[in-house]
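Below you'll find the structure, written out as structure tokens, and then a few comments.
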Amino acid sequence: MRLRAAAQGRRHGGAGVSGQAFRQFIVKMHGRCNLACTYCYLYAGPDRTWRSRPASAAPEVLDRTATRIAEHARTHALPALSLVLHGGEPLLAGVGTLARFTALVRDRVPARCTVHAVVQTNATLLTVRRLAVLADAGLRIGVSLDGGLAAHNARRVDRAGRPSWPAASRGALLVAERAPQAYAGVLTVVDVGLDPVETYESLLTLRPPALDLLLPHGNWSAPPPHWAGARHGEWLCAVFDRWWAAGRRETRIRLFEECVALLLGLPSATEALGLAPFDAVVVETDGSVEQVDSLKSAYDGAAHTGLDVFRHTFDEALRHPAVAARQEGVAALADQCRACPLLRVCGGGHYAHRYRAGHGFRNPSVYCSDLQRLIHHVAARLATHTAPVVPRDEVAS
């Protein structure tokens with residue numbers, strides 16, 4: 001999936017250039033969505049900046065963005081980069097636009113720079129023809145779903161309040177059946193109100209090569225639902241045990257494989273764990289350069305930088321104080337985190353989950369107890385050697 005390029009870039013950056021370059025470029029192809037998920041932090045959260053932006057990225061925005069990406073790749077001698085076509089729902093921009101923009105980026109980056117391109121979609125708009133266009137363009141397809149059953153996706157509805165599950169599941173299975181080589185996997189937000197093992201096993205029916213299990217965005221000032229008692233940690237432990245005991249790798253689960261890798265002393269390639277420098281940047285539909293969308297769950301304008309692709313390079317974004325703070329590693333963490341024995345594995349948790357109004361982001365994660373529960377649990381399973389350790393080159397990307 002999309003972070004493999006980022007991980008490879010960190011380990012094999014060009015000699016003599018900064019190791020802090022952006023290696024993941026998230027481009028908002030369309031700023032609106034055909035769904036109205038009741039829990040969406042982007043459209044139902046505190047941030048309102050999307051309201052004043054154009055619905056789709058204009059050709060001149062995409063042209064300039066491709067040039068800026070190529071410029072950054074050349075400056076930092078990047079051997080690879082990750083291009084993530086995002087939204088909103090990116091398929092609303094049209095698959096032809098997605099394919100042309102991907103080709104434009106590949107054409108402009110240096111010849112030795114590999115572009116790993118993926119589109120993250122809710123899958124409701126996928127058809128045989130659209131899938132063929134995306135696959136032929138060398139785009140991998142990541143699908144966002146909350147589970148493999150209709151009941152798991154009750155809050156994922158369209159603007160008329162109708163369930164999205166029939167169209168979404170049809171789209172996911174279409175990728176699995178017609179273009180398995182282009183199937184990047186499924187992204188699922190953890191819902192502790194659902195049975196963990198049932199949720200995991202239901203997702204397997206969609207035949208994903210990889211799963212991303214994401215904790216719901218929340219922070220100290222706006223805690224996530226069902227927050228007390230480390231319930232999210234317990235939920236993840238239950239899925240881990242089912243996944244670990246399968247006897248074969250039914251699918252990759254990035255959070256678990258990265259946790260195993262970090263416990264074994266290997267580097268991480270995920271935002272949720274570890275201390276690797278953050279290397280993602282967002283280009284909005286109007287060409288604004290921003291930090292990642294997850295920050296928008298904290299407060300209105302949290303991702304704002306004041307930069308854009310027409311007047312600024314991505315190197316200027318690297319020097320932005322808020323971006324630089326995310327690349328300081330241990331120095332950016334709260335004292336409690338720096339003193340924690342799990343520091344190298346946890347890394348303070350997801351940056352957006354550390355926010356507290358009036359105190360910024362220099363706090364432990366709101367999921368601190370959940371992360372401790374999961375890491376200790378995984379460490380215990382590793383110590384018992386009840387399953388073979390996954391080789392590092394197979395860790396989910």
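Ordered as shown in the structure tokens, chains take letters A, B, and onward, while each chain numbers its residues from 1 and ligands are numbered from 1 in the order shown.
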Give me, as a tab-separated table, the closest atom pair and its distance (Å, one decimal) for every residue of stretch 108-161 of chain A within a cut-off of 10 Å of stretch 208-216 of chain A, counting only C-alpha atoms, rows sorted by chain and rising number.
```
residue	atom	partner	partner_atom	distance
A:Gly142	CA	A:Pro208	CA	9.3
A:Val143	CA	A:Pro208	CA	9.1
A:Ser144	CA	A:Asp212	CA	9.3
A:Asp146	CA	A:Leu213	CA	9.4
```
Emit the selected residues as a short mmCIF file (atom, residue, chain, number, x, y, z; two decimals), in the first residue's frame, including N, CA, C and O atoms.
```cif
data_model
loop_
_atom_site.label_atom_id
_atom_site.label_comp_id
_atom_site.auth_asym_id
_atom_site.auth_seq_id
_atom_site.Cartn_x
_atom_site.Cartn_y
_atom_site.Cartn_z
N GLY A 142 -7.28 1.53 -2.94
CA GLY A 142 -7.56 1.29 -1.53
C GLY A 142 -9.01 1.60 -1.26
O GLY A 142 -9.55 2.60 -1.74
N VAL A 143 -9.67 0.74 -0.49
CA VAL A 143 -11.10 0.86 -0.24
C VAL A 143 -11.34 1.18 1.24
O VAL A 143 -10.74 0.55 2.11
N SER A 144 -12.22 2.13 1.50
CA SER A 144 -12.58 2.49 2.87
C SER A 144 -13.93 1.85 3.21
O SER A 144 -14.94 2.15 2.59
N ASP A 146 -16.08 -0.05 6.88
CA ASP A 146 -16.00 -0.26 8.33
C ASP A 146 -16.13 -1.72 8.73
O ASP A 146 -16.00 -2.05 9.91
#
```
Nearest candidate to A:Asp308 (options A:Arg68, A:Arg112, A:His30, A:Arg252; using only C-alpha atoms):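 Closest to A:Asp308, using only C-alpha atoms: A:Arg68.
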Residues at most 10 Å from A:Val157, counting only C-alpha atoms, excluding those fewer than 2 positions away in the same chain, as a PDB file with N, CA, C and O atoms, in the first residue's frame?
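Written out: around_10.pdb:
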```pdb
ATOM      1  N   ASN A  34     -19.662  11.738  -2.077  1.00  0.00           N
ATOM      2  CA  ASN A  34     -21.021  11.304  -2.386  1.00  0.00           C
ATOM      3  C   ASN A  34     -21.688  10.610  -1.206  1.00  0.00           C
ATOM      4  O   ASN A  34     -22.866  10.273  -1.266  1.00  0.00           O
ATOM      5  N   LEU A  35     -20.932  10.399  -0.116  1.00  0.00           N
ATOM      6  CA  LEU A  35     -21.496   9.842   1.108  1.00  0.00           C
ATOM      7  C   LEU A  35     -21.568  10.929   2.176  1.00  0.00           C
ATOM      8  O   LEU A  35     -20.932  11.985   2.053  1.00  0.00           O
ATOM      9  N   ALA A  36     -22.319  10.637   3.224  1.00  0.00           N
ATOM     10  CA  ALA A  36     -22.445  11.561   4.360  1.00  0.00           C
ATOM     11  C   ALA A  36     -22.327  10.744   5.643  1.00  0.00           C
ATOM     12  O   ALA A  36     -23.258  10.677   6.446  1.00  0.00           O
ATOM     13  N   CYS A  37     -21.172  10.116   5.813  1.00  0.00           N
ATOM     14  CA  CYS A  37     -20.941   9.276   6.991  1.00  0.00           C
ATOM     15  C   CYS A  37     -21.119  10.119   8.253  1.00  0.00           C
ATOM     16  O   CYS A  37     -20.563  11.219   8.360  1.00  0.00           O
ATOM     17  N   THR A  38     -21.880   9.607   9.188  1.00  0.00           N
ATOM     18  CA  THR A  38     -22.260  10.414  10.347  1.00  0.00           C
ATOM     19  C   THR A  38     -21.094  10.758  11.251  1.00  0.00           C
ATOM     20  O   THR A  38     -21.169  11.712  12.025  1.00  0.00           O
ATOM     21  N   ASN A 153     -21.628  -1.115   8.563  1.00  0.00           N
ATOM     22  CA  ASN A 153     -21.510   0.143   7.823  1.00  0.00           C
ATOM     23  C   ASN A 153     -22.775   0.989   7.917  1.00  0.00           C
ATOM     24  O   ASN A 153     -23.063   1.788   7.033  1.00  0.00           O
ATOM     25  N   ALA A 154     -23.500   0.815   9.026  1.00  0.00           N
ATOM     26  CA  ALA A 154     -24.774   1.517   9.181  1.00  0.00           C
ATOM     27  C   ALA A 154     -24.623   3.030   9.166  1.00  0.00           C
ATOM     28  O   ALA A 154     -25.554   3.755   8.798  1.00  0.00           O
ATOM     29  N   ARG A 155     -23.453   3.514   9.570  1.00  0.00           N
ATOM     30  CA  ARG A 155     -23.251   4.965   9.621  1.00  0.00           C
ATOM     31  C   ARG A 155     -22.645   5.522   8.342  1.00  0.00           C
ATOM     32  O   ARG A 155     -22.441   6.727   8.222  1.00  0.00           O
ATOM     33  N   ARG A 159     -26.094  10.923   0.833  1.00  0.00           N
ATOM     34  CA  ARG A 159     -26.668  12.202   1.258  1.00  0.00           C
ATOM     35  C   ARG A 159     -28.190  12.142   1.435  1.00  0.00           C
ATOM     36  O   ARG A 159     -28.767  13.037   2.035  1.00  0.00           O
ATOM     37  N   ALA A 160     -28.779  11.079   0.927  1.00  0.00           N
ATOM     38  CA  ALA A 160     -30.214  10.889   1.128  1.00  0.00           C
ATOM     39  C   ALA A 160     -30.494   9.945   2.287  1.00  0.00           C
ATOM     40  O   ALA A 160     -31.644   9.592   2.537  1.00  0.00           O
ATOM     41  N   GLY A 161     -29.445   9.545   2.995  1.00  0.00           N
ATOM     42  CA  GLY A 161     -29.599   8.658   4.135  1.00  0.00           C
ATOM     43  C   GLY A 161     -29.684   7.189   3.782  1.00  0.00           C
ATOM     44  O   GLY A 161     -29.953   6.349   4.647  1.00  0.00           O
ATOM     45  N   ARG A 162     -29.423   6.843   2.525  1.00  0.00           N
ATOM     46  CA  ARG A 162     -29.497   5.459   2.086  1.00  0.00           C
ATOM     47  C   ARG A 162     -28.188   4.738   2.371  1.00  0.00           C
ATOM     48  O   ARG A 162     -27.116   5.334   2.297  1.00  0.00           O
ATOM     49  N   PRO A 163     -28.236   3.449   2.680  1.00  0.00           N
ATOM     50  CA  PRO A 163     -27.006   2.712   3.003  1.00  0.00           C
ATOM     51  C   PRO A 163     -26.071   2.620   1.808  1.00  0.00           C
ATOM     52  O   PRO A 163     -26.510   2.442   0.666  1.00  0.00           O
ATOM     53  N   SER A 164     -24.780   2.750   2.069  1.00  0.00           N
ATOM     54  CA  SER A 164     -23.790   2.673   1.000  1.00  0.00           C
ATOM     55  C   SER A 164     -23.270   1.258   0.800  1.00  0.00           C
ATOM     56  O   SER A 164     -22.571   0.994  -0.183  1.00  0.00           O
ATOM     57  N   TRP A 165     -23.604   0.346   1.718  1.00  0.00           N
ATOM     58  CA  TRP A 165     -23.008  -0.983   1.706  1.00  0.00           C
ATOM     59  C   TRP A 165     -23.195  -1.753   0.400  1.00  0.00           C
ATOM     60  O   TRP A 165     -22.216  -2.326  -0.107  1.00  0.00           O
TER      61      TRP A 165
END
```
Nearby residues (only C-alpha atoms) at most 9 Å from stretch 116-123 of chain A, same-chain spacing under 5 positions excluded, as a ChimeraX atom specification: /A:1-2,4-5,35,80-91,98,102,134,138-145,164,167-172,182,184,187
Keeping only N, CA, C and O atoms, take the residues you just selected and write them out as a short mmCIF file (atom, residue, chain, number, x, y, z; two decimals), in the first residue's frame.
```cif
data_model
loop_
_atom_site.label_atom_id
_atom_site.label_comp_id
_atom_site.auth_asym_id
_atom_site.auth_seq_id
_atom_site.Cartn_x
_atom_site.Cartn_y
_atom_site.Cartn_z
N MET A 1 0.83 -1.20 0.00
CA MET A 1 0.00 0.00 0.00
C MET A 1 0.86 1.25 0.00
O MET A 1 2.05 1.20 -0.19
N ARG A 2 0.29 2.39 0.31
CA ARG A 2 0.92 3.65 0.00
C ARG A 2 2.13 4.00 0.83
O ARG A 2 2.92 4.84 0.44
N ARG A 4 4.67 1.94 1.65
CA ARG A 4 5.89 1.21 1.33
C ARG A 4 6.93 2.13 0.72
O ARG A 4 8.11 2.09 1.05
N ALA A 5 6.50 2.99 -0.21
CA ALA A 5 7.44 3.93 -0.82
C ALA A 5 8.04 4.85 0.21
O ALA A 5 9.23 5.17 0.17
N LEU A 35 -20.93 10.40 -0.12
CA LEU A 35 -21.50 9.84 1.11
C LEU A 35 -21.57 10.93 2.18
O LEU A 35 -20.93 11.99 2.05
N ALA A 80 12.08 6.80 -4.68
CA ALA A 80 10.67 6.42 -4.80
C ALA A 80 9.83 7.43 -4.03
O ALA A 80 10.31 8.06 -3.09
N LEU A 81 8.59 7.56 -4.43
CA LEU A 81 7.65 8.38 -3.68
C LEU A 81 6.26 7.77 -3.80
O LEU A 81 5.99 6.96 -4.70
N SER A 82 5.41 8.16 -2.89
CA SER A 82 4.04 7.67 -2.87
C SER A 82 3.10 8.79 -3.26
O SER A 82 3.15 9.88 -2.70
N LEU A 83 2.26 8.53 -4.25
CA LEU A 83 1.27 9.49 -4.71
C LEU A 83 -0.11 8.95 -4.34
O LEU A 83 -0.53 7.90 -4.82
N VAL A 84 -0.80 9.66 -3.46
CA VAL A 84 -2.11 9.22 -2.97
C VAL A 84 -3.18 10.17 -3.50
O VAL A 84 -3.20 11.35 -3.17
N LEU A 85 -4.07 9.66 -4.33
CA LEU A 85 -5.16 10.45 -4.88
C LEU A 85 -6.34 10.32 -3.94
O LEU A 85 -6.85 9.23 -3.70
N HIS A 86 -6.77 11.45 -3.40
CA HIS A 86 -7.66 11.44 -2.24
C HIS A 86 -8.81 12.41 -2.45
O HIS A 86 -8.93 13.08 -3.47
N GLY A 87 -9.67 12.49 -1.43
CA GLY A 87 -10.79 13.42 -1.44
C GLY A 87 -11.16 13.77 -0.01
O GLY A 87 -10.30 13.73 0.87
N GLY A 88 -12.45 13.98 0.26
CA GLY A 88 -13.61 13.65 -0.52
C GLY A 88 -13.57 12.26 -1.14
O GLY A 88 -12.92 11.36 -0.69
N GLU A 89 -14.31 12.14 -2.21
CA GLU A 89 -14.30 10.92 -3.00
C GLU A 89 -13.61 11.21 -4.32
O GLU A 89 -14.16 11.90 -5.19
N PRO A 90 -12.38 10.71 -4.51
CA PRO A 90 -11.59 11.07 -5.70
C PRO A 90 -12.22 10.64 -7.01
O PRO A 90 -11.98 11.27 -8.05
N LEU A 91 -13.03 9.57 -7.01
CA LEU A 91 -13.62 9.12 -8.27
C LEU A 91 -14.61 10.14 -8.84
O LEU A 91 -14.94 10.09 -10.02
N LEU A 98 -7.82 11.16 -13.03
CA LEU A 98 -6.89 10.48 -12.12
C LEU A 98 -5.75 9.84 -12.90
O LEU A 98 -4.59 9.93 -12.51
N THR A 102 -1.72 11.05 -12.78
CA THR A 102 -0.70 10.08 -12.38
C THR A 102 0.38 9.97 -13.45
O THR A 102 1.59 9.96 -13.15
N LEU A 134 -8.27 2.70 -14.20
CA LEU A 134 -7.36 2.88 -13.07
C LEU A 134 -6.24 1.85 -13.10
O LEU A 134 -5.06 2.18 -12.90
N GLY A 138 -1.84 2.05 -13.85
CA GLY A 138 -0.89 1.69 -12.80
C GLY A 138 -1.27 2.24 -11.45
O GLY A 138 -0.40 2.45 -10.59
N LEU A 139 -2.56 2.47 -11.24
CA LEU A 139 -3.05 2.95 -9.95
C LEU A 139 -3.57 1.78 -9.13
O LEU A 139 -4.35 0.96 -9.61
N ARG A 140 -3.14 1.71 -7.89
CA ARG A 140 -3.69 0.73 -6.98
C ARG A 140 -4.90 1.35 -6.28
O ARG A 140 -5.01 2.57 -6.18
N ILE A 141 -5.80 0.48 -5.82
CA ILE A 141 -7.07 0.96 -5.27
C ILE A 141 -7.20 0.54 -3.82
O ILE A 141 -7.19 -0.65 -3.50
N GLY A 142 -7.28 1.53 -2.94
CA GLY A 142 -7.56 1.29 -1.53
C GLY A 142 -9.01 1.60 -1.26
O GLY A 142 -9.55 2.60 -1.74
N VAL A 143 -9.67 0.74 -0.49
CA VAL A 143 -11.10 0.86 -0.24
C VAL A 143 -11.34 1.18 1.24
O VAL A 143 -10.74 0.55 2.11
N SER A 144 -12.22 2.13 1.50
CA SER A 144 -12.58 2.49 2.87
C SER A 144 -13.93 1.85 3.21
O SER A 144 -14.94 2.15 2.59
N LEU A 145 -13.92 0.94 4.19
CA LEU A 145 -15.12 0.27 4.68
C LEU A 145 -14.96 0.03 6.17
O LEU A 145 -13.84 -0.13 6.67
N SER A 164 -24.78 2.75 2.07
CA SER A 164 -23.79 2.67 1.00
C SER A 164 -23.27 1.26 0.80
O SER A 164 -22.57 0.99 -0.18
N ALA A 167 -23.42 -0.87 -2.75
CA ALA A 167 -22.52 -0.38 -3.79
C ALA A 167 -21.06 -0.53 -3.39
O ALA A 167 -20.20 -0.87 -4.21
N ALA A 168 -20.75 -0.27 -2.11
CA ALA A 168 -19.37 -0.34 -1.64
C ALA A 168 -18.83 -1.77 -1.68
O ALA A 168 -17.70 -2.02 -2.13
N SER A 169 -19.62 -2.73 -1.20
CA SER A 169 -19.16 -4.12 -1.20
C SER A 169 -19.03 -4.64 -2.63
O SER A 169 -18.11 -5.39 -2.94
N ARG A 170 -19.95 -4.23 -3.49
CA ARG A 170 -19.86 -4.62 -4.89
C ARG A 170 -18.56 -4.09 -5.50
O ARG A 170 -17.86 -4.80 -6.23
N GLY A 171 -18.22 -2.83 -5.19
CA GLY A 171 -17.00 -2.25 -5.72
C GLY A 171 -15.75 -2.94 -5.20
O GLY A 171 -14.81 -3.20 -5.97
N ALA A 172 -15.72 -3.25 -3.91
CA ALA A 172 -14.55 -3.92 -3.33
C ALA A 172 -14.35 -5.29 -3.94
O ALA A 172 -13.21 -5.68 -4.28
N ALA A 182 -4.20 -4.82 -8.56
CA ALA A 182 -4.37 -3.40 -8.25
C ALA A 182 -5.01 -3.17 -6.90
O ALA A 182 -5.22 -2.02 -6.50
N ALA A 184 -5.10 -2.56 -3.29
CA ALA A 184 -4.18 -2.15 -2.24
C ALA A 184 -4.63 -2.63 -0.86
O ALA A 184 -3.82 -2.86 0.02
N LEU A 187 -9.26 -0.05 4.30
CA LEU A 187 -9.05 0.80 5.46
C LEU A 187 -10.31 0.77 6.31
O LEU A 187 -11.40 1.06 5.82
#
```
Between atom CA of A:Val330 and atom CA of A:Glu257, distance in Å (one decimal):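 Computing it gives 22.2 Å between the two atoms.
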Write out as an mmCIF file with C-alpha atoms, in the first residue's frame the set of residues from stretch 75-151 of chain A that DSSP, computed on the backbone, places in strand (DSSP E or B).
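Wrote it out as result_13.cif, contents follow:
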```cif
data_model
loop_
_atom_site.group_PDB
_atom_site.id
_atom_site.type_symbol
_atom_site.label_atom_id
_atom_site.label_comp_id
_atom_site.auth_asym_id
_atom_site.auth_seq_id
_atom_site.Cartn_x
_atom_site.Cartn_y
_atom_site.Cartn_z
ATOM 1 C CA ALA A 80 10.665 6.424 -4.801
ATOM 2 C CA LEU A 81 7.648 8.381 -3.681
ATOM 3 C CA SER A 82 4.037 7.669 -2.867
ATOM 4 C CA LEU A 83 1.268 9.493 -4.715
ATOM 5 C CA VAL A 84 -2.110 9.222 -2.971
ATOM 6 C CA LEU A 85 -5.156 10.449 -4.879
ATOM 7 C CA HIS A 86 -7.662 11.436 -2.244
ATOM 8 C CA THR A 114 9.494 5.225 -8.901
ATOM 9 C CA VAL A 115 5.996 6.589 -8.299
ATOM 10 C CA HIS A 116 3.779 4.279 -6.247
ATOM 11 C CA ALA A 117 0.275 5.570 -6.954
ATOM 12 C CA VAL A 118 -2.917 4.674 -5.110
ATOM 13 C CA VAL A 119 -6.444 6.038 -5.071
ATOM 14 C CA GLN A 120 -8.357 5.857 -1.767
ATOM 15 C CA THR A 121 -12.054 5.419 -2.475
ATOM 16 C CA LEU A 139 -3.052 2.955 -9.948
ATOM 17 C CA ARG A 140 -3.693 0.727 -6.981
ATOM 18 C CA ILE A 141 -7.073 0.958 -5.269
ATOM 19 C CA GLY A 142 -7.556 1.294 -1.532
ATOM 20 C CA VAL A 143 -11.101 0.861 -0.236
ATOM 21 C CA SER A 144 -12.585 2.494 2.870
#
```
Alpha helix (DSSP H) residues, from DSSP on the backbone, in stretch 111-198 of chain A, as a list in words: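 Here is the list: Val128, Arg129, Arg130, Leu131, Ala132, Val133, Leu134, Ala135, Asp136, Trp165, Pro166, Ala167, Ala168, Ser169, Arg170, Gly171, Ala172, Leu173, Leu174, Val175, Ala176, Glu177, Arg178, Pro196, Val197 and Glu198 of chain A.
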Distance criterion (only C-alpha atoms): nearest to A:Arg354 out of A:Pro223, A:Arg381, A:Ala303, A:Arg242: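 The answer is A:Pro223, which sits nearest to A:Arg354.
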Residue nearest A:Val61 - candidates A:Phe101, A:Trp244, A:Phe25, A:Trp227, atoms counted: only C-alpha atoms: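 Of A:Phe101, A:Trp244, A:Phe25, A:Trp227, the one nearest A:Val61 is A:Phe101, counting only C-alpha atoms.
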Pick from A:Arg249, A:His377, A:His152, A:Arg130, whichever lies nearest to A:Thr199 using only C-alpha atoms: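 Residue with the minimum atom-to-atom distance to A:Thr199: A:His152.
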Length of the atom CA of A:Asp47 to atom CA of A:Ser297 vector [Å]: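 About the pair atom CA of A:Asp47 and atom CA of A:Ser297: they are 7.0 Å apart.
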Point-to-point distance in Å for atom CA of A:Asp107 and atom CA of A:Asp279: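 We find that atom CA of A:Asp279 and atom CA of A:Asp107 lie 22.2 Å from each other.
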